[in-house]
Each structure stands twice: as structure tokens, then as C-alpha cells.
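Data file: run_16.txt. Format and content: compact mmCIF, C-alpha atoms.
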# COMPACT_ATOMS: atom_id res chain seq x y z
CA MET D 1 -44.11 -55.99 -57.64
CA LEU D 2 -42.75 -57.22 -54.27
CA SER D 3 -39.83 -59.55 -54.04
CA GLU D 4 -40.03 -62.71 -52.09
CA GLY D 5 -38.38 -61.29 -49.00
CA GLU D 6 -40.49 -58.17 -49.00
CA ALA D 7 -43.64 -60.22 -49.39
CA ASP D 8 -42.75 -62.13 -46.26
CA GLY D 9 -42.44 -58.80 -44.32
CA CYS D 10 -38.71 -58.74 -44.35
CA ARG D 11 -36.57 -55.99 -45.87
CA PRO D 12 -33.23 -56.79 -47.44
CA GLU D 13 -30.26 -55.98 -45.22
CA GLN D 14 -28.55 -52.69 -46.02
CA GLU D 15 -24.92 -51.87 -45.52
CA PRO D 16 -24.57 -49.50 -42.52
CA THR D 17 -23.48 -46.02 -43.45
CA LEU D 18 -20.66 -44.64 -41.29
CA VAL D 19 -20.32 -40.85 -40.73
CA GLN D 20 -16.66 -40.01 -40.90
CA PRO D 21 -15.65 -37.33 -38.34
CA HIS D 22 -13.54 -34.37 -39.38
CA PRO D 23 -9.84 -35.07 -38.79
CA SER D 24 -9.55 -32.12 -36.40
CA THR D 25 -12.25 -33.52 -34.09
CA PHE D 26 -10.14 -36.30 -32.65
CA SER D 27 -6.70 -34.95 -33.45
CA HIS D 28 -3.95 -36.61 -31.52
CA PRO D 29 -1.49 -34.36 -29.70
CA SER D 30 1.30 -35.74 -31.86
CA CYS D 31 -0.65 -35.00 -35.04
CA PRO D 32 0.54 -31.84 -36.84
CA GLU D 33 -3.05 -30.85 -37.60
CA ARG D 34 -4.63 -28.45 -35.08
CA SER D 35 -7.96 -26.75 -34.82
CA SER D 36 -8.41 -23.30 -36.27
CA CYS D 37 -8.92 -22.00 -32.68
CA ASP D 38 -5.46 -23.21 -31.68
CA HIS D 39 -4.01 -21.54 -34.76
CA ARG D 40 -5.59 -18.24 -33.74
CA LEU D 41 -4.52 -18.43 -30.07
CA GLU D 42 -0.94 -19.46 -30.70
CA PRO D 43 0.27 -16.06 -32.03
CA GLU D 44 -1.57 -14.27 -29.20
CA ARG D 45 0.10 -16.42 -26.55
CA THR D 46 3.48 -15.86 -28.14
CA MET D 47 2.94 -12.11 -28.29
CA LEU D 48 1.82 -11.92 -24.64
CA GLU D 49 4.83 -13.94 -23.56
CA LYS D 50 7.13 -11.63 -25.49
CA ILE D 51 5.53 -8.53 -23.96
CA GLN D 52 5.80 -10.02 -20.48
CA LYS D 53 9.48 -10.79 -21.00
CA MET D 54 10.06 -7.25 -22.21
CA ILE D 55 8.43 -5.47 -19.27
CA VAL D 56 9.39 -7.79 -16.41
CA VAL D 57 11.65 -6.06 -13.88
CA ARG D 58 14.62 -8.14 -12.78
CA SER D 59 16.28 -5.61 -10.50
CA PRO D 60 15.28 -6.22 -6.84
CA THR D 61 15.73 -2.52 -6.07
CA ILE D 62 13.36 -1.42 -8.83
CA ARG D 63 10.82 -4.04 -7.78
CA GLU D 64 10.97 -2.64 -4.25
CA LEU D 65 10.52 0.88 -5.58
CA LEU D 66 7.42 -0.16 -7.53
CA ALA D 67 6.00 -2.04 -4.56
CA GLU D 68 6.45 0.94 -2.24
CA ALA D 69 4.85 3.20 -4.85
CA LEU D 70 1.76 1.02 -5.26
CA GLY D 71 1.38 0.35 -1.54
CA MET D 72 1.67 4.07 -0.77
CA TYR D 73 -0.76 4.93 -3.56
CA ILE D 74 -3.40 2.58 -2.13
CA LEU D 75 -2.90 3.92 1.39
CA MET D 76 -3.16 7.55 0.33
CA VAL D 77 -6.12 7.23 -2.04
CA PHE D 78 -8.19 5.72 0.76
CA GLY D 79 -6.99 8.27 3.30
CA LEU D 80 -7.12 11.48 1.27
CA SER D 81 -10.44 10.68 -0.38
CA SER D 82 -12.02 10.21 3.03
CA VAL D 83 -10.76 13.63 4.14
CA ALA D 84 -12.09 15.18 0.92
CA GLN D 85 -15.49 13.63 1.49
CA VAL D 86 -15.70 14.90 5.07
CA VAL D 87 -14.48 18.43 4.29
CA LEU D 88 -16.39 19.00 1.05
CA GLY D 89 -19.48 17.20 2.32
CA LYS D 90 -19.63 19.52 5.35
CA GLY D 91 -20.10 16.60 7.70
CA GLU D 92 -22.99 15.04 5.75
CA PHE D 93 -20.84 12.30 4.20
CA GLY D 94 -18.68 11.26 7.10
CA GLN D 95 -17.13 12.41 10.34
CA TYR D 96 -13.63 12.47 11.82
CA VAL D 97 -13.83 8.78 12.70
CA SER D 98 -14.43 7.90 9.05
CA ILE D 99 -11.04 9.45 8.23
CA ASN D 100 -9.42 7.30 10.91
CA LEU D 101 -11.08 4.18 9.53
CA ALA D 102 -10.14 4.97 5.94
CA PHE D 103 -6.46 5.49 6.77
CA GLY D 104 -6.48 2.24 8.75
CA ILE D 105 -7.98 0.37 5.81
CA GLY D 106 -5.51 2.00 3.44
CA VAL D 107 -2.57 0.96 5.61
CA THR D 108 -3.82 -2.63 5.75
CA LEU D 109 -4.29 -2.95 1.99
CA GLY D 110 -1.05 -1.12 1.24
CA ILE D 111 0.88 -3.57 3.41
CA HIS D 112 -0.76 -6.51 1.67
CA ALA D 113 0.19 -5.03 -1.71
CA ALA D 114 3.87 -4.37 -0.97
CA GLY D 115 4.73 -6.53 2.04
CA GLY D 116 6.03 -9.56 0.17
CA ILE D 117 8.37 -7.51 -2.01
CA SER D 118 9.66 -4.49 -0.10
CA GLY D 119 8.46 -5.15 3.43
CA ALA D 120 5.87 -2.38 2.98
CA HIS D 121 7.56 0.43 4.88
CA LEU D 122 5.23 3.02 3.31
CA ASN D 123 6.86 5.59 5.58
CA ALA D 124 10.14 7.44 5.09
CA ALA D 125 10.71 7.54 8.85
CA ILE D 126 10.48 3.76 9.09
CA THR D 127 12.79 3.30 6.10
CA ILE D 128 15.40 5.60 7.65
CA MET D 129 15.07 3.73 10.94
CA HIS D 130 15.73 0.40 9.22
CA CYS D 131 18.82 1.87 7.54
CA VAL D 132 20.14 3.18 10.87
CA LEU D 133 19.60 -0.22 12.52
CA GLY D 134 21.33 -2.02 9.64
CA ASN D 135 18.22 -3.88 8.51
CA LEU D 136 18.28 -2.15 5.12
CA PRO D 137 21.34 -1.12 3.08
CA TRP D 138 21.71 2.64 2.76
CA ARG D 139 22.03 2.25 -1.03
CA LYS D 140 18.36 1.20 -1.13
CA LEU D 141 17.16 4.32 0.71
CA PRO D 142 16.71 6.50 -2.41
CA ALA D 143 14.63 3.84 -4.16
CA TYR D 144 12.34 3.37 -1.16
CA LEU D 145 11.86 7.12 -0.67
CA LEU D 146 11.29 7.72 -4.37
CA GLY D 147 8.68 4.95 -4.51
CA GLN D 148 6.86 6.28 -1.45
CA PHE D 149 6.92 9.88 -2.66
CA LEU D 150 5.78 8.89 -6.15
CA GLY D 151 2.84 6.88 -4.85
CA SER D 152 1.79 9.63 -2.44
CA PHE D 153 2.05 12.37 -5.07
CA LEU D 154 0.01 10.37 -7.60
CA ALA D 155 -2.61 9.62 -4.96
CA ALA D 156 -3.00 13.34 -4.26
CA ALA D 157 -3.42 13.97 -7.98
CA THR D 158 -6.00 11.17 -8.19
CA VAL D 159 -8.09 12.54 -5.32
CA PHE D 160 -7.80 16.06 -6.76
CA GLY D 161 -9.15 14.82 -10.09
CA THR D 162 -11.89 12.76 -8.45
CA TYR D 163 -13.26 15.66 -6.40
CA TYR D 164 -12.32 18.54 -8.70
CA ASP D 165 -15.87 19.56 -9.63
CA ILE D 166 -17.08 19.58 -6.02
CA LEU D 167 -13.84 21.21 -4.88
CA TYR D 168 -14.26 23.99 -7.42
CA ASP D 169 -17.88 24.56 -6.41
CA TYR D 170 -17.01 24.53 -2.71
CA THR D 171 -14.23 27.11 -3.08
CA LYS D 172 -15.62 29.05 -6.08
CA GLY D 173 -12.26 28.41 -7.71
CA ASN D 174 -10.25 30.01 -4.90
CA PHE D 175 -8.06 27.32 -3.34
CA THR D 176 -6.95 28.50 0.10
CA VAL D 177 -4.97 27.14 3.03
CA THR D 178 -6.86 29.02 5.74
CA GLY D 179 -10.28 30.57 6.03
CA PRO D 180 -13.89 29.33 5.95
CA THR D 181 -13.42 27.44 2.67
CA ALA D 182 -9.87 26.19 3.27
CA THR D 183 -9.20 22.91 1.48
CA ALA D 184 -5.43 22.40 1.67
CA SER D 185 -5.97 20.19 4.73
CA ILE D 186 -7.57 17.60 2.45
CA PHE D 187 -4.10 16.73 1.21
CA SER D 188 -1.64 17.55 4.00
CA THR D 189 -1.74 18.10 7.75
CA TYR D 190 -1.90 21.49 9.46
CA PRO D 191 -1.88 22.20 13.20
CA HIS D 192 -4.84 23.22 15.30
CA PRO D 193 -4.89 27.04 15.61
CA CYS D 194 -4.20 26.79 19.34
CA VAL D 195 -1.15 24.52 18.96
CA SER D 196 2.39 25.93 19.04
CA LEU D 197 5.24 24.64 16.95
CA LEU D 198 6.79 23.01 20.01
CA GLY D 199 3.49 21.42 21.03
CA GLY D 200 2.90 20.15 17.50
CA PHE D 201 6.44 18.80 17.25
CA PHE D 202 6.01 16.90 20.52
CA THR D 203 2.67 15.46 19.38
CA GLU D 204 4.06 14.20 16.06
CA PHE D 205 7.15 12.88 17.82
CA MET D 206 5.18 10.93 20.45
CA ALA D 207 2.60 9.65 17.96
CA THR D 208 5.41 8.19 15.85
CA VAL D 209 7.06 6.68 18.93
CA MET D 210 3.78 4.88 19.62
CA LEU D 211 3.56 3.82 15.98
CA LEU D 212 7.01 2.22 16.10
CA LEU D 213 6.40 0.54 19.45
CA GLY D 214 3.21 -0.96 18.06
CA ILE D 215 4.87 -2.14 14.84
CA LEU D 216 7.76 -3.76 16.70
CA VAL D 217 5.39 -5.49 19.11
CA ILE D 218 3.32 -6.85 16.21
CA HIS D 219 6.33 -8.20 14.29
CA ASP D 220 8.73 -9.36 17.02
CA GLU D 221 8.68 -13.13 16.49
CA LYS D 222 11.03 -13.65 19.44
CA ASN D 223 8.52 -12.10 21.80
CA ASN D 224 4.75 -12.37 21.46
CA ALA D 225 4.25 -11.52 17.80
CA ALA D 226 0.89 -11.38 16.07
CA LEU D 227 -0.36 -14.47 14.27
CA LYS D 228 0.99 -14.83 10.76
CA GLY D 229 -1.32 -13.14 8.28
CA THR D 230 -2.80 -10.71 10.80
CA GLN D 231 0.08 -8.23 10.93
CA ALA D 232 -1.30 -5.98 8.20
CA MET D 233 -4.73 -5.76 9.79
CA LEU D 234 -3.28 -5.06 13.23
CA THR D 235 -1.02 -2.35 11.82
CA GLY D 236 -4.10 -0.74 10.30
CA ILE D 237 -5.84 -0.92 13.68
CA LEU D 238 -2.72 0.61 15.26
CA VAL D 239 -2.92 3.61 12.90
CA LEU D 240 -6.64 3.83 13.61
CA GLY D 241 -5.93 3.97 17.36
CA ILE D 242 -3.31 6.70 16.95
CA GLY D 243 -5.77 8.76 14.93
CA LEU D 244 -8.53 8.30 17.48
CA GLY D 245 -6.32 9.31 20.40
CA MET D 246 -3.66 11.67 19.05
CA GLY D 247 -5.06 13.24 15.91
CA MET D 248 -6.75 16.40 17.16
CA THR D 249 -3.75 18.70 17.50
CA THR D 250 -1.78 18.00 14.30
CA GLY D 251 -3.76 15.58 12.14
CA TYR D 252 -1.34 12.73 12.99
CA ALA D 253 0.89 12.79 9.91
CA ILE D 254 3.42 10.40 11.58
CA ASN D 255 4.91 9.91 8.13
CA PRO D 256 6.96 12.26 5.94
CA SER D 257 5.89 10.30 2.85
CA ARG D 258 2.25 10.89 3.72
CA ASP D 259 2.59 14.65 4.20
CA LEU D 260 5.31 16.19 2.02
CA PRO D 261 4.45 14.88 -1.50
CA PRO D 262 0.77 15.98 -1.32
CA ARG D 263 1.93 19.34 0.04
CA ILE D 264 4.16 19.76 -3.00
CA PHE D 265 1.23 18.76 -5.21
CA THR D 266 -1.05 21.40 -3.67
CA ALA D 267 1.63 24.05 -4.18
CA ILE D 268 1.62 23.15 -7.88
CA ALA D 269 -2.14 22.63 -8.27
CA GLY D 270 -3.28 26.10 -7.17
CA TRP D 271 -2.80 26.58 -3.45
CA GLY D 272 0.59 28.21 -3.93
CA MET D 273 3.47 28.61 -1.49
CA ASP D 274 1.08 29.24 1.39
CA VAL D 275 1.12 25.49 1.97
CA PHE D 276 4.71 25.89 3.22
CA THR D 277 4.34 29.16 5.14
CA ALA D 278 1.05 28.41 6.91
CA GLY D 279 1.15 27.57 10.61
CA ASN D 280 4.48 29.38 11.16
CA TYR D 281 6.15 27.28 8.46
CA TRP D 282 4.63 24.09 9.80
CA TRP D 283 5.63 21.97 6.80
CA TRP D 284 8.92 20.71 8.26
CA ILE D 285 7.38 19.38 11.48
CA PRO D 286 5.70 16.32 9.86
CA VAL D 287 9.04 15.56 8.19
CA VAL D 288 11.50 15.88 11.07
CA ALA D 289 9.42 14.89 14.11
CA PRO D 290 8.31 11.47 12.76
CA THR D 291 11.87 10.67 11.67
CA LEU D 292 13.21 11.32 15.17
CA GLY D 293 10.21 9.60 16.74
CA SER D 294 10.82 6.41 14.76
CA LEU D 295 14.43 6.27 15.95
CA VAL D 296 13.50 6.88 19.58
CA GLY D 297 10.62 4.40 19.40
CA SER D 298 12.92 1.62 18.16
CA LEU D 299 15.50 2.54 20.81
CA VAL D 300 12.91 2.38 23.59
CA TYR D 301 11.78 -1.07 22.45
CA LYS D 302 15.35 -2.31 22.37
CA LEU D 303 16.11 -0.95 25.85
CA PHE D 304 12.97 -2.32 27.48
CA ILE D 305 12.46 -5.59 25.57
CA ASP D 306 14.89 -6.57 22.86
CA ILE D 307 18.33 -6.49 24.48
CA HIS D 308 17.03 -8.46 27.46
CA ASN D 309 15.51 -11.16 25.25
CA GLN D 310 18.79 -13.09 25.03
CA SER D 311 19.46 -16.72 24.29
CA VAL D 312 19.86 -18.80 27.43
CA PRO D 313 22.85 -21.21 27.30
CA GLU D 314 21.74 -24.82 27.41
CA SER D 315 24.01 -25.56 30.40
CA GLY D 316 22.51 -22.69 32.36
CA ASN D 317 18.91 -23.58 31.66
CA GLU D 318 18.23 -25.13 35.04
CA LYS D 319 14.49 -25.39 34.68
CA GLY D 320 14.72 -27.15 31.33
CA GLN D 321 12.77 -24.41 29.58
CA PRO D 322 13.40 -23.84 25.87
CA ALA D 323 16.03 -21.23 25.14
CA ILE D 324 14.89 -17.89 23.76
CA GLU D 325 16.68 -16.60 20.71
CA THR D 326 17.81 -13.01 20.39
CA SER D 327 15.46 -10.79 18.44
CA THR D 328 16.72 -9.45 15.15
CA LEU D 329 14.79 -6.22 15.43

Output the file's structure in the form of C-alpha cells.
Amino acid sequence: MLSEGEADGCRPEQEPTLVQPHPSTFSHPSCPERSSCDHRLEPERTMLEKIQKMIVVRSPTIRELLAEALGMYILMVFGLSSVAQVVLGKGEFGQYVSINLAFGIGVTLGIHAAGGISGAHLNAAITIMHCVLGNLPWRKLPAYLLGQFLGSFLAAATVFGTYYDILYDYTKGNFTVTGPTATASIFSTYPHPCVSLLGGFFTEFMATVMLLLGILVIHDEKNNAALKGTQAMLTGILVLGIGLGMGMTTGYAINPSRDLPPRIFTAIAGWGMDVFTAGNYWWWIPVVAPTLGSLVGSLVYKLFIDIHNQSVPESGNEKGQPAIETSTL
């Protein structure tokens, strides 16, 4: 039986039912209740923060060592792997120019990796030059050299592991320094058979002089320095140019940190002591010649450019041109 209201087509009014949200849905920041997700993430955040605090390096010298190691590792993995691909691929997977390009790319990325921390020397000759000029304290020299040598050695080991199967097949397990299946040149530089020790020394010396002149030109802010942010790329192009023009006779080591650690690795990995006796004991040339070349290169730049780029006293500036500050190179 219908009630009076229902008979008239009207239904009695019902009290609205409210759905109460869960307290965690609209929890206020000041409320002690948190979502289960927050409860799970909180211990993880705390643990990560603790781990970060434990492993963070506070010593500037150690940070510079690590930066040089990583920058050198990047440089050498690009460079050595390109040589391995050209040698083991018998010219089917690259040519000489691909090696030049790979080293240039490696230099650019290595500088980006380490530049803001250590200055990205990535070269023992450059580090020694900075110490001689007073730009770097001598007490930091061991850390820089250790970082560079560590990165270079590990890069050689990485490339060796990457190409081991092809390397073994190419040499039939006989790793040699000379001969038709010589592979030691993948890791370190050796002179052209026609080049004498004196000729090779002069080539490495002059190539490093050109390297230093180019670096100083790129970074001399008191002269006509490269635009900020382009220095790394231009330094890579500089190394590319040296390889294209001066790489035939000696392989353009121009860097003790590039040549000596991989040579030590090959001596350990199966090539033996021949890596030091080959080429009339060539091994010391890529160590000594670049070191002397870096010093002479910086001296030449100072004599021709830097010492003449002096500040002009305001009273003597007759033409009203802005004074030029002395370069700190």
C-alpha cells in the first residue's frame, strides 16, 4: 500500500550518506600519521644518506686523484679501443683517421669529466710543467701522476678484456711486439721501422711543443682565449690535428701517462719484457721527450706572447684603450 506522498509521485527525503575518506588520504604535514609508502621510503633514504656520508671524499687531493683517474680512463678507453679495432679488424673496421678521431673524442670527454675538479691535466708532462711554473704545488704531483697512471692502466685492462677473444684468434695465443701479427702497438706506441731514436725523440718533442702551444692559446684569457665551454672540444681537435700531421713516425704518444702504464700492463698480460726492449729500448722516449717538450712549449709561449702582454699604466695609456692585465699562465 502506497503512502500519501508516494501516491502523489513524491518519494520521502532520505538523509544523504557521506563516504568518509581514509585518514591517510588527506593527512596534514603536521599530522603524525603517514602513508605506508612514506614509512617504507624513510629507512631507504636514511640508509642512502648514511652511505653517502661514509664514502664522500673530503680531501681535495684525493678528489683530484680520482678525477684524473676517471678522465684518463675515459680518454684511454676511447683511444685504445679504436686502435684495437683497426689492428684486429685488418682495416675493415676503421682506418688511421678513426684512431685520431677516437683519441680526440676521448680527450674532450675526459676533460669534461675531470676539468672542474683537477683541471684535467690527463698528462704527466703537463702536470710536471704546471709544478715547474708554480701553478700546482709539488706535493700534489704524486696524486696527479698516480691518478693518471691508474686510469690508463685500467683502461688498457678494459680494452684487453673487451677484445680478448678476437685478440687470441688473431695471434693464435702468441702475443708479440713485432712481426706480422704484432699487437703490442694496440696499447703503447712504437716507432716506424725507418725512424731512429734521435728522429723519434725529436718528433715526440716537437709534437708535445705544439700540444702545449695549442693548450696555452686555447686557455689564455688575457689574450684571445676560446669561448667558455668550448675549450674541451678544441683541445680534442688539437690532439686530432697532431695525430693527423705528426703521428706517422712515432704514433704521437705526447703523454707519458698515455704510454707507460699500458706498456707495463702488456708486459704483465703476456707480451713480456720485449715491450721495453723493442725499437732499441724505445720505451723511455715517450716518457722523457714529452716532458721536455711541455716545458719548452710553455717557455716559447711565454717568450713570444705572455711576458709582453703586460698591464699598461693608466697614466701612460694615451689612446684611452683599456689596460691589458698580465697573463697568469

Fewer than 3 positions away in the same chain doesn't count, so skip those; otherwise give me all residues within 12 Å of Val132 in chain D, counting only C-alpha atoms, as a tab-separated table (two decimals) with C-alpha atoms, keeping the file's coordinate frame.
chain	number	residue	atom	x	y	z
D	125	ALA	CA	10.71	7.54	8.85
D	126	ILE	CA	10.48	3.76	9.09
D	127	THR	CA	12.79	3.30	6.10
D	128	ILE	CA	15.40	5.60	7.65
D	129	MET	CA	15.07	3.73	10.94
D	135	ASN	CA	18.22	-3.88	8.51
D	136	LEU	CA	18.28	-2.15	5.12
D	137	PRO	CA	21.34	-1.12	3.08
D	138	TRP	CA	21.71	2.64	2.76
D	141	LEU	CA	17.16	4.32	0.71
D	291	THR	CA	11.87	10.67	11.67
D	292	LEU	CA	13.21	11.32	15.17
D	294	SER	CA	10.82	6.41	14.76
D	295	LEU	CA	14.43	6.27	15.95
D	296	VAL	CA	13.50	6.88	19.58
D	298	SER	CA	12.92	1.62	18.16
D	299	LEU	CA	15.50	2.54	20.81
D	329	LEU	CA	14.79	-6.22	15.43

### Message
Given the point (8.6, 21.7, 8.4) in the file's coordinates, find the residues that have an atom at most 12 Å from it, counting all atoms listed in the file, and give them as a ChimeraX atom specification.
### Response
/D:188-191,197-198,200-201,204,253,256,259-260,263,275-291

Would you tabulate, counting only C-alpha atoms, all residues of range 134-189 of chain D that have an atom at most 6 Å from an atom of range 69-89 of chain D, showing the closest pair of atoms and their distance in Å to one decimal, sorted by chain then ascending number, as CSV?
residue,atom,partner,partner_atom,distance
D:Gly147,CA,D:Ala69,CA,4.2
D:Gln148,CA,D:Ala69,CA,5.0
D:Leu150,CA,D:Ala69,CA,5.9
D:Gly151,CA,D:Ala69,CA,4.2
D:Ser152,CA,D:Tyr73,CA,5.5
D:Ala155,CA,D:Val77,CA,5.2
D:Val159,CA,D:Ser81,CA,5.8
D:Ile186,CA,D:Ala84,CA,5.4

### Query
In Å, how far is it from CA of Asn174 in chain D to CA of Ala269 in chain D?
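Going from CA of Asn174 in chain D over to CA of Ala269 in chain D, I get 11.5 Å.
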
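Pairwise distance (CA of Lys228 in chain D, CA of Ile111 in chain D) equals 13.4 Å.
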
### Query
Within 8 Å of range 242-247 of chain D, counting all atoms listed in the file, which residues qualify if same-chain residues fewer than 2 places away don't, as number ranges by chain?
D: 97, 100, 203, 207, 210-211, 238-240, 249-252

### Task
Choose the residue, out of D:Asp165, D:Glu92, D:Asp306, D:Asp274, that has the smallest atom-to-atom separation from Asn223 in chain D; count all atoms listed in the file.
D:Asp306

### Summary
Min atom-atom distance to Leu216 in chain D from the set D:Leu109, D:Ala184, D:Leu234, D:Ile51, counting all atoms listed in the file, belongs to D:Leu234

### Query
Which residue gives the smallest distance to Leu145 in chain D among D:Gly199, D:Gly161, D:Gly293, D:Pro261, with only C-alpha atoms counted?
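Among D:Gly199, D:Gly161, D:Gly293, D:Pro261, it is D:Pro261 that comes nearest to Leu145 in chain D.
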
### Query
Between CA of Ile215 in chain D and CA of Gly297 in chain D, what is the spacing in Å?
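Answer for the CA of Gly297 in chain D to CA of Ile215 in chain D separation: 9.8 Å.
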
### Residue contacts of Ile117 in chain D (12 Å, only C-alpha atoms) excluding same-chain residues fewer than 3 positions away, as a list in words
Ser59, Pro60, Thr61, Ile62, Arg63, Glu64, Leu65, Leu66, Ala67, Glu68, Ala69, Leu70, Gly71, Gly110, Ile111, His112, Ala113, Ala114, Ala120, His121 and Tyr144 of chain D

#### Entry: Near-Phe265 in chain D list (9 Å; all atoms listed in the file; drop same-chain fewer than 6 positions) as number ranges by chain
D: 153-154, 156-157, 187, 271

### Message
Let me make sure I understand: among D:Met273, D:Met54, D:Leu101, D:Met248, which one has the smallest atom-to-atom distance to His192 in chain D if we use all atoms listed in the file?
### Response
D:Met248

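Between Lys140 in chain D and the candidates D:Ile264, D:Ser118, D:Ile237, D:Val209, the tightest atom-to-atom separation, counting all atoms listed in the file, involves D:Ser118.
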
### Task
Choose the residue, out of D:Ala225, D:Ile218, D:Phe202, D:Thr181, that has the smallest atom-to-atom separation from Tyr168 in chain D; count all atoms listed in the file.
D:Thr181

Missing atoms in range 90-102 of chain D need filling: write out N, CA, C and O atoms for it as a CSV table (one decimal), in the frame of the given file.
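For reference, result-v1.csv as written:
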chain,number,residue,atom,x,y,z
D,90,LYS,N,-19.2,18.7,4.2
D,90,LYS,CA,-19.6,19.5,5.4
D,90,LYS,C,-20.2,18.7,6.4
D,90,LYS,O,-21.2,19.0,7.1
D,91,GLY,N,-19.7,17.5,6.6
D,91,GLY,CA,-20.1,16.6,7.7
D,91,GLY,C,-21.3,15.7,7.3
D,91,GLY,O,-21.7,14.9,8.1
D,92,GLU,N,-21.8,15.9,6.1
D,92,GLU,CA,-23.0,15.0,5.8
D,92,GLU,C,-22.6,13.7,5.2
D,92,GLU,O,-23.4,12.8,5.1
D,93,PHE,N,-21.3,13.5,4.8
D,93,PHE,CA,-20.8,12.3,4.2
D,93,PHE,C,-19.7,11.7,5.0
D,93,PHE,O,-18.8,11.1,4.4
D,94,GLY,N,-19.7,11.8,6.3
D,94,GLY,CA,-18.7,11.3,7.1
D,94,GLY,C,-18.3,12.2,8.2
D,94,GLY,O,-18.5,13.4,8.1
D,95,GLN,N,-17.6,11.6,9.2
D,95,GLN,CA,-17.1,12.4,10.3
D,95,GLN,C,-15.6,12.1,10.5
D,95,GLN,O,-15.0,11.4,9.7
D,96,TYR,N,-15.1,12.7,11.6
D,96,TYR,CA,-13.6,12.5,11.8
D,96,TYR,C,-13.3,11.0,11.9
D,96,TYR,O,-12.2,10.6,11.4
D,97,VAL,N,-14.1,10.2,12.5
D,97,VAL,CA,-13.8,8.8,12.7
D,97,VAL,C,-13.8,8.1,11.4
D,97,VAL,O,-13.0,7.1,11.2
D,98,SER,N,-14.5,8.5,10.4
D,98,SER,CA,-14.4,7.9,9.0
D,98,SER,C,-13.1,8.1,8.4
D,98,SER,O,-12.6,7.2,7.7
D,99,ILE,N,-12.4,9.2,8.7
D,99,ILE,CA,-11.0,9.4,8.2
D,99,ILE,C,-10.1,8.5,8.9
D,99,ILE,O,-9.2,7.9,8.2
D,100,ASN,N,-10.3,8.3,10.2
D,100,ASN,CA,-9.4,7.3,10.9
D,100,ASN,C,-9.6,5.9,10.3
D,100,ASN,O,-8.6,5.2,10.1
D,101,LEU,N,-10.8,5.5,10.1
D,101,LEU,CA,-11.1,4.2,9.5
D,101,LEU,C,-10.5,4.0,8.1
D,101,LEU,O,-9.9,3.0,7.8
D,102,ALA,N,-10.6,5.1,7.3
D,102,ALA,CA,-10.1,5.0,5.9
D,102,ALA,C,-8.6,4.9,5.9
D,102,ALA,O,-8.1,4.1,5.1
